[in-house]
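Novice: You'll find start.tsv just under this line, and it carries TSV, C-alpha atoms.
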```tsv
chain	number	residue	atom	x	y	z
E	1	ALA	CA	60.64	114.34	133.48
E	2	PRO	CA	62.42	112.47	136.30
E	3	GLY	CA	60.77	113.11	139.65
E	4	ASP	CA	57.44	114.11	138.09
E	5	ILE	CA	54.18	112.43	139.10
E	6	VAL	CA	52.45	110.75	136.17
E	7	CYS	CA	48.76	110.24	136.88
E	8	ARG	CA	46.71	107.40	135.45
E	9	TYR	CA	43.25	108.92	135.98
E	10	GLU	CA	42.04	112.47	136.28
E	11	SER	CA	38.73	114.21	136.95
E	12	THR	CA	37.49	117.70	136.29
E	13	THR	CA	35.58	119.48	139.03
E	14	LYS	CA	32.15	120.93	138.42
E	15	SER	CA	31.43	124.63	138.12
E	16	ALA	CA	30.25	124.67	141.73
E	17	VAL	CA	32.63	123.28	144.38
E	18	ASN	CA	32.69	123.19	148.18
E	19	TYR	CA	34.46	121.56	151.12
E	20	TYR	CA	32.97	118.16	150.22
E	21	THR	CA	34.25	118.13	146.62
E	22	CYS	CA	37.55	116.49	147.61
E	23	THR	CA	35.68	113.62	149.25
E	24	GLU	CA	33.46	113.20	146.19
E	25	LEU	CA	36.46	112.97	143.87
E	26	ALA	CA	38.13	110.43	146.17
E	27	LEU	CA	35.01	108.26	146.35
E	28	LYS	CA	34.64	108.32	142.57
E	29	TYR	CA	37.76	106.16	142.16
E	30	SER	CA	37.61	104.38	145.53
E	31	ILE	CA	40.65	106.05	147.04
E	32	THR	CA	41.01	107.67	150.44
E	33	VAL	CA	40.75	111.42	150.89
E	34	GLU	CA	44.28	111.31	152.27
E	35	LYS	CA	45.54	109.81	149.01
E	36	PHE	CA	43.66	112.46	147.04
E	37	PHE	CA	45.53	115.17	148.94
E	38	LEU	CA	48.84	113.39	148.35
E	39	LEU	CA	48.15	113.28	144.61
E	40	ASN	CA	47.08	116.92	144.59
E	41	PRO	CA	49.45	118.88	146.85
E	42	SER	CA	48.01	122.21	145.68
E	43	VAL	CA	44.76	121.46	147.53
E	44	ASP	CA	44.60	122.32	151.23
E	45	ARG	CA	43.60	119.56	153.65
E	46	ASP	CA	40.30	121.32	154.38
E	47	CYS	CA	39.55	121.38	150.62
E	48	ASP	CA	39.22	125.15	150.84
E	49	THR	CA	41.46	125.76	147.81
E	50	ILE	CA	39.70	123.37	145.43
E	51	LYS	CA	38.88	125.14	142.15
E	52	PRO	CA	35.91	124.76	139.78
E	53	ASN	CA	36.35	123.37	136.26
E	54	THR	CA	39.85	122.17	137.11
E	55	VAL	CA	41.54	118.83	136.44
E	56	TYR	CA	42.74	116.87	139.48
E	57	SER	CA	44.44	113.50	139.88
E	58	ASP	CA	42.12	110.78	141.11
E	59	ASP	CA	44.03	107.51	141.11
E	60	GLU	CA	47.39	105.88	141.71
E	61	ALA	CA	50.34	107.80	140.34
E	62	ASP	CA	53.76	106.78	139.14
E	63	ILE	CA	56.70	108.89	140.22
E	64	GLN	CA	59.23	108.87	137.42
E	65	PRO	CA	62.56	107.71	138.88
E	66	VAL	CA	65.49	110.08	139.04
E	67	LEU	CA	68.71	108.77	137.50
E	68	SER	CA	71.62	108.45	139.91
E	69	THR	CA	74.41	110.96	139.31
E	70	ASN	CA	76.86	109.73	141.94
E	71	GLY	CA	76.62	105.94	141.76
E	72	PHE	CA	74.30	105.66	144.77
E	73	CYS	CA	70.66	104.60	144.55
E	74	GLY	CA	67.48	103.52	146.31
E	75	PRO	CA	65.47	104.97	149.21
E	76	GLN	CA	68.63	106.04	151.01
E	77	TYR	CA	69.32	108.41	148.11
E	78	SER	CA	65.95	109.90	147.15
E	79	ASN	CA	64.93	106.71	145.31
E	80	THR	CA	67.35	107.36	142.47
E	81	THR	CA	67.69	104.56	139.92
E	82	CYS	CA	70.62	102.94	138.13
E	83	LEU	CA	68.67	102.11	134.98
E	84	GLY	CA	70.30	103.83	132.03
E	85	LEU	CA	73.78	103.73	133.56
E	86	ASP	CA	76.58	101.31	132.70
E	87	LYS	CA	75.93	99.64	136.05
E	88	GLN	CA	72.17	99.09	136.10
E	89	CYS	CA	71.54	97.16	139.32
E	90	CYS	CA	70.89	98.89	142.63
E	91	ASN	CA	72.45	96.80	145.40
E	92	GLY	CA	70.03	96.76	148.35
E	93	GLU	CA	72.84	96.33	150.87
E	94	THR	CA	75.36	98.92	149.73
E	95	TRP	CA	72.85	101.16	147.88
E	96	LYS	CA	75.36	101.47	145.06
E	97	CYS	CA	74.89	100.87	141.34
E	98	GLY	CA	76.66	97.75	140.10
E	99	ASP	CA	76.74	95.13	137.38
E	100	GLN	CA	78.21	92.14	139.19
E	101	LEU	CA	76.33	89.01	140.26
E	102	VAL	CA	76.25	90.18	143.86
E	103	ASP	CA	74.55	93.40	142.74
E	104	CYS	CA	72.01	91.90	140.34
E	105	GLN	CA	71.09	88.59	141.93
E	106	ALA	CA	67.76	87.90	143.58
E	107	GLY	CA	67.73	88.76	147.26
E	108	THR	CA	70.28	91.55	146.89
E	109	CYS	CA	69.15	93.63	143.92
E	110	PHE	CA	66.70	96.33	145.02
E	111	SER	CA	65.82	97.75	141.60
E	112	GLY	CA	67.05	98.02	138.02
E	113	ALA	CA	68.14	95.19	135.73
E	114	CYS	CA	67.73	92.58	138.47
E	115	GLN	CA	67.45	88.82	138.28
E	116	GLY	CA	63.71	88.20	138.17
E	117	PHE	CA	61.36	90.68	139.82
E	118	PRO	CA	62.88	92.31	142.94
E	119	SER	CA	59.54	92.72	144.71
E	120	GLU	CA	59.03	88.94	144.70
E	121	TYR	CA	62.29	88.04	146.45
E	122	SER	CA	63.28	88.29	150.08
E	123	MET	CA	65.90	90.91	150.89
E	124	ASP	CA	66.44	89.74	154.46
E	125	GLY	CA	66.13	85.95	154.33
E	126	LYS	CA	62.48	85.84	155.43
E	127	CYS	CA	60.03	84.18	153.06
E	128	GLY	CA	56.86	82.21	152.46
E	129	TYR	CA	53.33	82.64	153.71
E	130	GLN	CA	54.58	84.30	156.90
E	131	ASN	CA	56.21	87.05	154.83
E	132	ASN	CA	53.89	87.97	151.94
E	133	MET	CA	54.91	84.85	149.98
E	134	LEU	CA	58.40	86.18	149.24
E	135	LEU	CA	60.72	83.81	147.37
E	136	CYS	CA	64.33	82.91	148.13
E	137	GLY	CA	67.37	83.44	145.95
E	138	GLY	CA	70.98	84.53	145.84
E	139	LYS	CA	72.97	84.50	149.05
E	140	TRP	CA	69.90	83.58	151.12
E	141	GLY	CA	69.60	80.14	149.56
E	142	THR	CA	67.13	78.57	147.16
E	143	CYS	CA	64.53	77.09	149.52
E	144	CYS	CA	61.95	78.62	151.84
E	145	GLY	CA	61.63	76.49	154.97
E	146	ILE	CA	58.38	75.91	156.83
E	147	ALA	CA	59.46	78.44	159.47
E	148	GLY	CA	59.55	81.20	156.85
E	149	LYS	CA	63.32	81.46	156.50
E	150	CYS	CA	65.48	80.95	153.41
E	151	GLY	CA	68.28	78.41	153.28
E	152	THR	CA	69.79	75.42	151.53
E	153	GLY	CA	70.17	71.76	152.31
E	154	GLU	CA	67.84	69.16	153.76
E	155	ALA	CA	66.73	71.34	156.67
E	156	PHE	CA	65.19	73.86	154.26
E	157	CYS	CA	64.64	71.92	151.01
E	158	GLY	CA	63.68	68.50	152.34
E	159	VAL	CA	60.31	66.83	152.14
E	160	GLY	CA	57.96	68.34	154.70
E	161	LYS	CA	60.44	71.09	155.52
E	162	CYS	CA	60.14	73.33	152.45
E	163	GLN	CA	57.15	75.51	151.51
E	164	ASN	CA	58.28	76.99	148.19
E	165	CYS	CA	61.16	77.57	145.75
E	166	ASN	CA	63.63	74.74	145.01
E	167	CYS	CA	62.02	72.10	147.22
E	168	THR	CA	62.59	68.37	147.10
E	169	ILE	CA	59.33	66.78	146.02
E	170	VAL	CA	57.68	63.41	146.61
E	171	ILE	CA	55.70	61.76	143.84
E	172	PRO	CA	53.84	58.44	143.90
E	173	SER	CA	55.44	55.50	142.12
E	174	PRO	CA	53.71	52.27	141.04
E	175	PRO	CA	53.55	49.75	143.92
E	176	PRO	CA	55.72	46.63	143.45
E	177	PHE	CA	52.68	44.37	143.89
E	178	PRO	CA	48.93	44.78	144.45
E	179	GLY	CA	48.08	46.23	147.83
E	180	ALA	CA	51.55	47.65	148.44
E	181	SER	CA	52.29	51.36	148.51
E	182	SER	CA	55.38	53.20	147.51
E	183	THR	CA	56.66	56.73	147.01
E	184	THR	CA	59.70	58.07	145.29
E	185	THR	CA	61.58	61.14	146.44
E	186	LEU	CA	62.91	63.26	143.63
E	187	ALA	CA	64.91	66.42	143.74
E	188	VAL	CA	63.99	69.05	141.20
E	189	SER	CA	65.82	68.13	138.01
E	190	THR	CA	68.86	70.06	136.87
E	191	PRO	CA	67.92	72.45	134.05
E	192	THR	CA	69.37	71.74	130.62
E	193	PRO	CA	72.05	74.17	129.40
E	194	GLY	CA	70.62	76.34	126.65
E	195	GLY	CA	67.07	75.78	127.87
E	196	LEU	CA	64.56	78.11	129.49
E	197	SER	CA	66.01	80.01	132.44
E	198	PRO	CA	65.07	78.33	135.75
E	199	ASP	CA	66.38	81.08	138.02
E	200	GLY	CA	66.35	84.38	136.13
E	201	SER	CA	69.92	84.14	134.85
E	202	CYS	CA	70.68	84.01	131.13
E	203	GLY	CA	73.55	83.54	128.71
E	204	GLY	CA	76.92	82.76	130.24
E	205	ALA	CA	78.15	79.19	130.56
E	206	ASN	CA	74.64	77.74	130.83
E	207	LYS	CA	73.28	79.76	127.89
E	208	TYR	CA	69.85	79.95	129.52
E	209	GLN	CA	67.12	81.60	127.45
E	210	CYS	CA	64.75	84.30	128.73
E	211	LYS	CA	62.02	84.29	126.09
E	212	GLY	CA	59.01	82.50	127.53
E	213	SER	CA	60.39	82.44	131.09
E	214	SER	CA	58.51	83.77	134.10
E	215	PHE	CA	61.27	86.33	134.72
E	216	GLY	CA	60.83	88.32	131.50
E	217	ASP	CA	61.79	87.88	127.85
E	218	CYS	CA	64.89	90.11	127.69
E	219	CYS	CA	68.44	89.11	128.67
E	220	SER	CA	70.33	92.10	130.09
E	221	SER	CA	74.00	92.88	129.61
E	222	SER	CA	74.53	91.61	133.17
E	223	GLY	CA	73.03	88.23	132.30
E	224	PHE	CA	69.62	88.42	133.93
E	225	CYS	CA	66.13	88.02	132.50
E	226	GLY	CA	63.61	90.81	132.84
E	227	SER	CA	61.27	93.15	131.04
E	228	THR	CA	62.45	96.61	132.07
E	229	THR	CA	64.18	99.13	129.83
E	230	GLY	CA	67.46	98.15	131.44
E	231	HIS	CA	66.98	94.54	130.40
E	232	CYS	CA	65.66	95.13	126.90
E	233	THR	CA	67.70	98.00	125.44
E	234	ALA	CA	71.39	98.89	125.66
E	235	GLY	CA	73.52	95.77	126.06
E	236	CYS	CA	70.56	93.40	125.72
E	237	GLN	CA	71.72	89.99	124.50
E	238	THR	CA	69.64	89.01	121.47
E	239	THR	CA	71.06	85.48	121.49
E	240	PHE	CA	69.33	84.70	124.76
E	241	GLY	CA	66.10	86.67	124.57
E	242	THR	CA	64.09	89.43	122.99
E	243	CYS	CA	65.50	92.96	122.77
E	244	THR	CA	64.04	96.35	121.97
E	245	THR	CA	65.94	98.20	119.29
```
Give the structure from this file in structure tokens form.
Specialist:
Amino acid sequence: APGDIVCRYESTTKSAVNYYTCTELALKYSITVEKFFLLNPSVDRDCDTIKPNTVYSDDEADIQPVLSTNGFCGPQYSNTTCLGLDKQCCNGETWKCGDQLVDCQAGTCFSGACQGFPSEYSMDGKCGYQNNMLLCGGKWGTCCGIAGKCGTGEAFCGVGKCQNCNCTIVIPSPPPFPGASSTTTLAVSTPTPGGLSPDGSCGGANKYQCKGSSFGDCCSSSGFCGSTTGHCTAGCQTTFGTCTT
């Protein structure tokens, strides 16, 4: 049920338990004792209430998201989700559910049927190796500059100024005569309409396809590739990707 903790691994205590049993269970799956207590709120912090022959959670847990009932979402609103609603993108700036480009695009979408994978994109314009290798997209621009900030244009995308995303690249070209050297500067080529999605968008005027892309195989009703339930079920566009019926 929404809000419940779903555990991936569990252990059963022995018939004889003591104050050290909690530590033993934590060590078994290489988690901290603190995490063990978080996963098992019925156990006191001194392990005094641990019970024999009882199943306890011993590894990472997933908290099933609670569906928004008022159109608001995210950590500001008890981590409610928009998935399953008509508007399936949680806007990380307004914390409202939406289905427009500004709601679902990379760099703005916090969760739901987002363009690409939200955790991979910067939500504040900071990117690159200085910021956990976050990518750039949406309103922040398409290039991550060497200073770890997103932007567009030569200052961010130019040779020697861009560390990832839509950078201008330099490739060697054959020298005009023996002993000479030459390089050719090429911008990343413009994707072909109807081809594999280059940016997580799908359908629309460009008719980009999701299947086989790095963003996920399903094309959501909002026109973004992904692999969540929101992308692959209701409203999923079969013309531009794979859908779950």
Novice: Considering all atoms listed in the file, state which residue in the set E:Gly241, E:Pro193, E:Gly230, E:Pro41 is at the smallest distance from E:Gly212.
Specialist: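 Between E:Gly241, E:Pro193, E:Gly230, E:Pro41, the residue approaching E:Gly212 most closely is E:Gly241.
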Novice: Between atom CA of E:Leu83 and atom CA of E:Val66, what is the distance, to one decimal in Å?
Specialist: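 Computed distance, atom CA of E:Leu83 to atom CA of E:Val66, equals 9.5 Å.
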Novice: Find the residues near E:Val55: any atom within 12 Å, counting all atoms listed in the file, skip ones fewer than 3 places away on the same chain, and give them as a list of chain:residue names.
Specialist: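 Within the cut-off, the hits are E:Cys7, E:Tyr9, E:Glu10, E:Ser11, E:Thr12, E:Thr13, E:Lys14, E:Ser15, E:Leu25, E:Leu39, E:Asn40, E:Ser42, E:Val43, E:Ile50, E:Lys51, E:Pro52, E:Asp58.
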Novice: What is the distance, in Å and to one decimal place, between atom CA of E:Ser222 and atom CA of E:Cys104?
Specialist: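 Value for the atom CA of E:Ser222-atom CA of E:Cys104 distance: 7.6 Å.
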Novice: If we count all atoms listed in the file, what is near E:Tyr121 at a cut-off of 12 Å, once residues fewer than 4 positions away on the same chain are taken out, given as a PDB file with C-alpha atoms, in the frame of the given file?
Specialist:
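File written: part_11.pdb
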```
ATOM      1  CA  GLY E  92      70.030  96.760 148.350  1.00  0.00           C
ATOM      2  CA  GLN E 105      71.090  88.590 141.930  1.00  0.00           C
ATOM      3  CA  ALA E 106      67.760  87.900 143.580  1.00  0.00           C
ATOM      4  CA  GLY E 107      67.730  88.760 147.260  1.00  0.00           C
ATOM      5  CA  THR E 108      70.280  91.550 146.890  1.00  0.00           C
ATOM      6  CA  CYS E 109      69.150  93.630 143.920  1.00  0.00           C
ATOM      7  CA  PHE E 110      66.700  96.330 145.020  1.00  0.00           C
ATOM      8  CA  SER E 111      65.820  97.750 141.600  1.00  0.00           C
ATOM      9  CA  CYS E 114      67.730  92.580 138.470  1.00  0.00           C
ATOM     10  CA  GLN E 115      67.450  88.820 138.280  1.00  0.00           C
ATOM     11  CA  GLY E 116      63.710  88.200 138.170  1.00  0.00           C
ATOM     12  CA  PHE E 117      61.360  90.680 139.820  1.00  0.00           C
ATOM     13  CA  GLY E 125      66.130  85.950 154.330  1.00  0.00           C
ATOM     14  CA  LYS E 126      62.480  85.840 155.430  1.00  0.00           C
ATOM     15  CA  CYS E 127      60.030  84.180 153.060  1.00  0.00           C
ATOM     16  CA  GLY E 128      56.860  82.210 152.460  1.00  0.00           C
ATOM     17  CA  ASN E 131      56.210  87.050 154.830  1.00  0.00           C
ATOM     18  CA  ASN E 132      53.890  87.970 151.940  1.00  0.00           C
ATOM     19  CA  MET E 133      54.910  84.850 149.980  1.00  0.00           C
ATOM     20  CA  LEU E 134      58.400  86.180 149.240  1.00  0.00           C
ATOM     21  CA  LEU E 135      60.720  83.810 147.370  1.00  0.00           C
ATOM     22  CA  CYS E 136      64.330  82.910 148.130  1.00  0.00           C
ATOM     23  CA  GLY E 137      67.370  83.440 145.950  1.00  0.00           C
ATOM     24  CA  GLY E 138      70.980  84.530 145.840  1.00  0.00           C
ATOM     25  CA  LYS E 139      72.970  84.500 149.050  1.00  0.00           C
ATOM     26  CA  TRP E 140      69.900  83.580 151.120  1.00  0.00           C
ATOM     27  CA  GLY E 141      69.600  80.140 149.560  1.00  0.00           C
ATOM     28  CA  THR E 142      67.130  78.570 147.160  1.00  0.00           C
ATOM     29  CA  CYS E 143      64.530  77.090 149.520  1.00  0.00           C
ATOM     30  CA  CYS E 144      61.950  78.620 151.840  1.00  0.00           C
ATOM     31  CA  CYS E 150      65.480  80.950 153.410  1.00  0.00           C
ATOM     32  CA  ASN E 164      58.280  76.990 148.190  1.00  0.00           C
ATOM     33  CA  CYS E 165      61.160  77.570 145.750  1.00  0.00           C
ATOM     34  CA  ASP E 199      66.380  81.080 138.020  1.00  0.00           C
ATOM     35  CA  GLY E 200      66.350  84.380 136.130  1.00  0.00           C
ATOM     36  CA  PHE E 215      61.270  86.330 134.720  1.00  0.00           C
TER      37      PHE E 215
END
```
Novice: Enter the distance from atom CA of E:Phe37 to atom CA of E:Ser68, in Å, rounded to one decimal.
Specialist: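 Separation between atom CA of E:Phe37 and atom CA of E:Ser68: 28.4 Å.
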Novice: Just checking: using all atoms listed in the file, which residue out of E:Cys73, E:Cys225, E:Ala155, E:Val33 ends up closest to E:Thr94?
Specialist: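 Among the listed residues, the smallest separation from E:Thr94 belongs to E:Cys73.
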Novice: Please provide the set of residues having any atom within 9 Å of E:Gly74, restricted to all atoms listed in the file, with same-chain residues fewer than 2 positions apart removed, written as an MDAnalysis selection string.
Specialist: chainID E and resid 72 76:82 90:92 95:96 110:111
Novice: Please determine the residues with any atom at most 9 Å from (75.6, 91.7, 137.6) (coordinates as given in the file, with only C-alpha atoms counting) and report them as a ChimeraX atom specification.
Specialist: /E:87-89,98-105,113-115,221-224
Novice: I'd like the contact shell of E:Leu27 - 12 Å cut-off, all atoms listed in the file, skipping same-chain residues fewer than 5 positions apart - returned as an MDAnalysis selection string.
Specialist: chainID E and resid 11 20:22 32:36 58:59
Novice: At a cut-off of 8 Å around the point (54.7, 76.7, 155.0) (file coordinates), what residues fall inside when counting all atoms listed in the file? I'd like the answer as a short mmCIF file (atom, residue, chain, number, x, y, z; two decimals) with C-alpha atoms, in the frame of the given file.
Specialist:
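Produced file result_3.cif, reproduced below:
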```cif
data_model
loop_
_atom_site.label_atom_id
_atom_site.label_comp_id
_atom_site.auth_asym_id
_atom_site.auth_seq_id
_atom_site.Cartn_x
_atom_site.Cartn_y
_atom_site.Cartn_z
CA GLY E 128 56.86 82.21 152.46
CA TYR E 129 53.33 82.64 153.71
CA GLN E 130 54.58 84.30 156.90
CA GLY E 145 61.63 76.49 154.97
CA ILE E 146 58.38 75.91 156.83
CA ALA E 147 59.46 78.44 159.47
CA GLY E 148 59.55 81.20 156.85
CA CYS E 162 60.14 73.33 152.45
CA GLN E 163 57.15 75.51 151.51
CA ASN E 164 58.28 76.99 148.19
#
```
Novice: Looking at E:Glu24, E:Glu93, E:Asp217, E:Asp44, which one is nearest to E:Met123, with distances taken over all atoms listed in the file?
Specialist: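 Nearest to E:Met123: E:Glu93.
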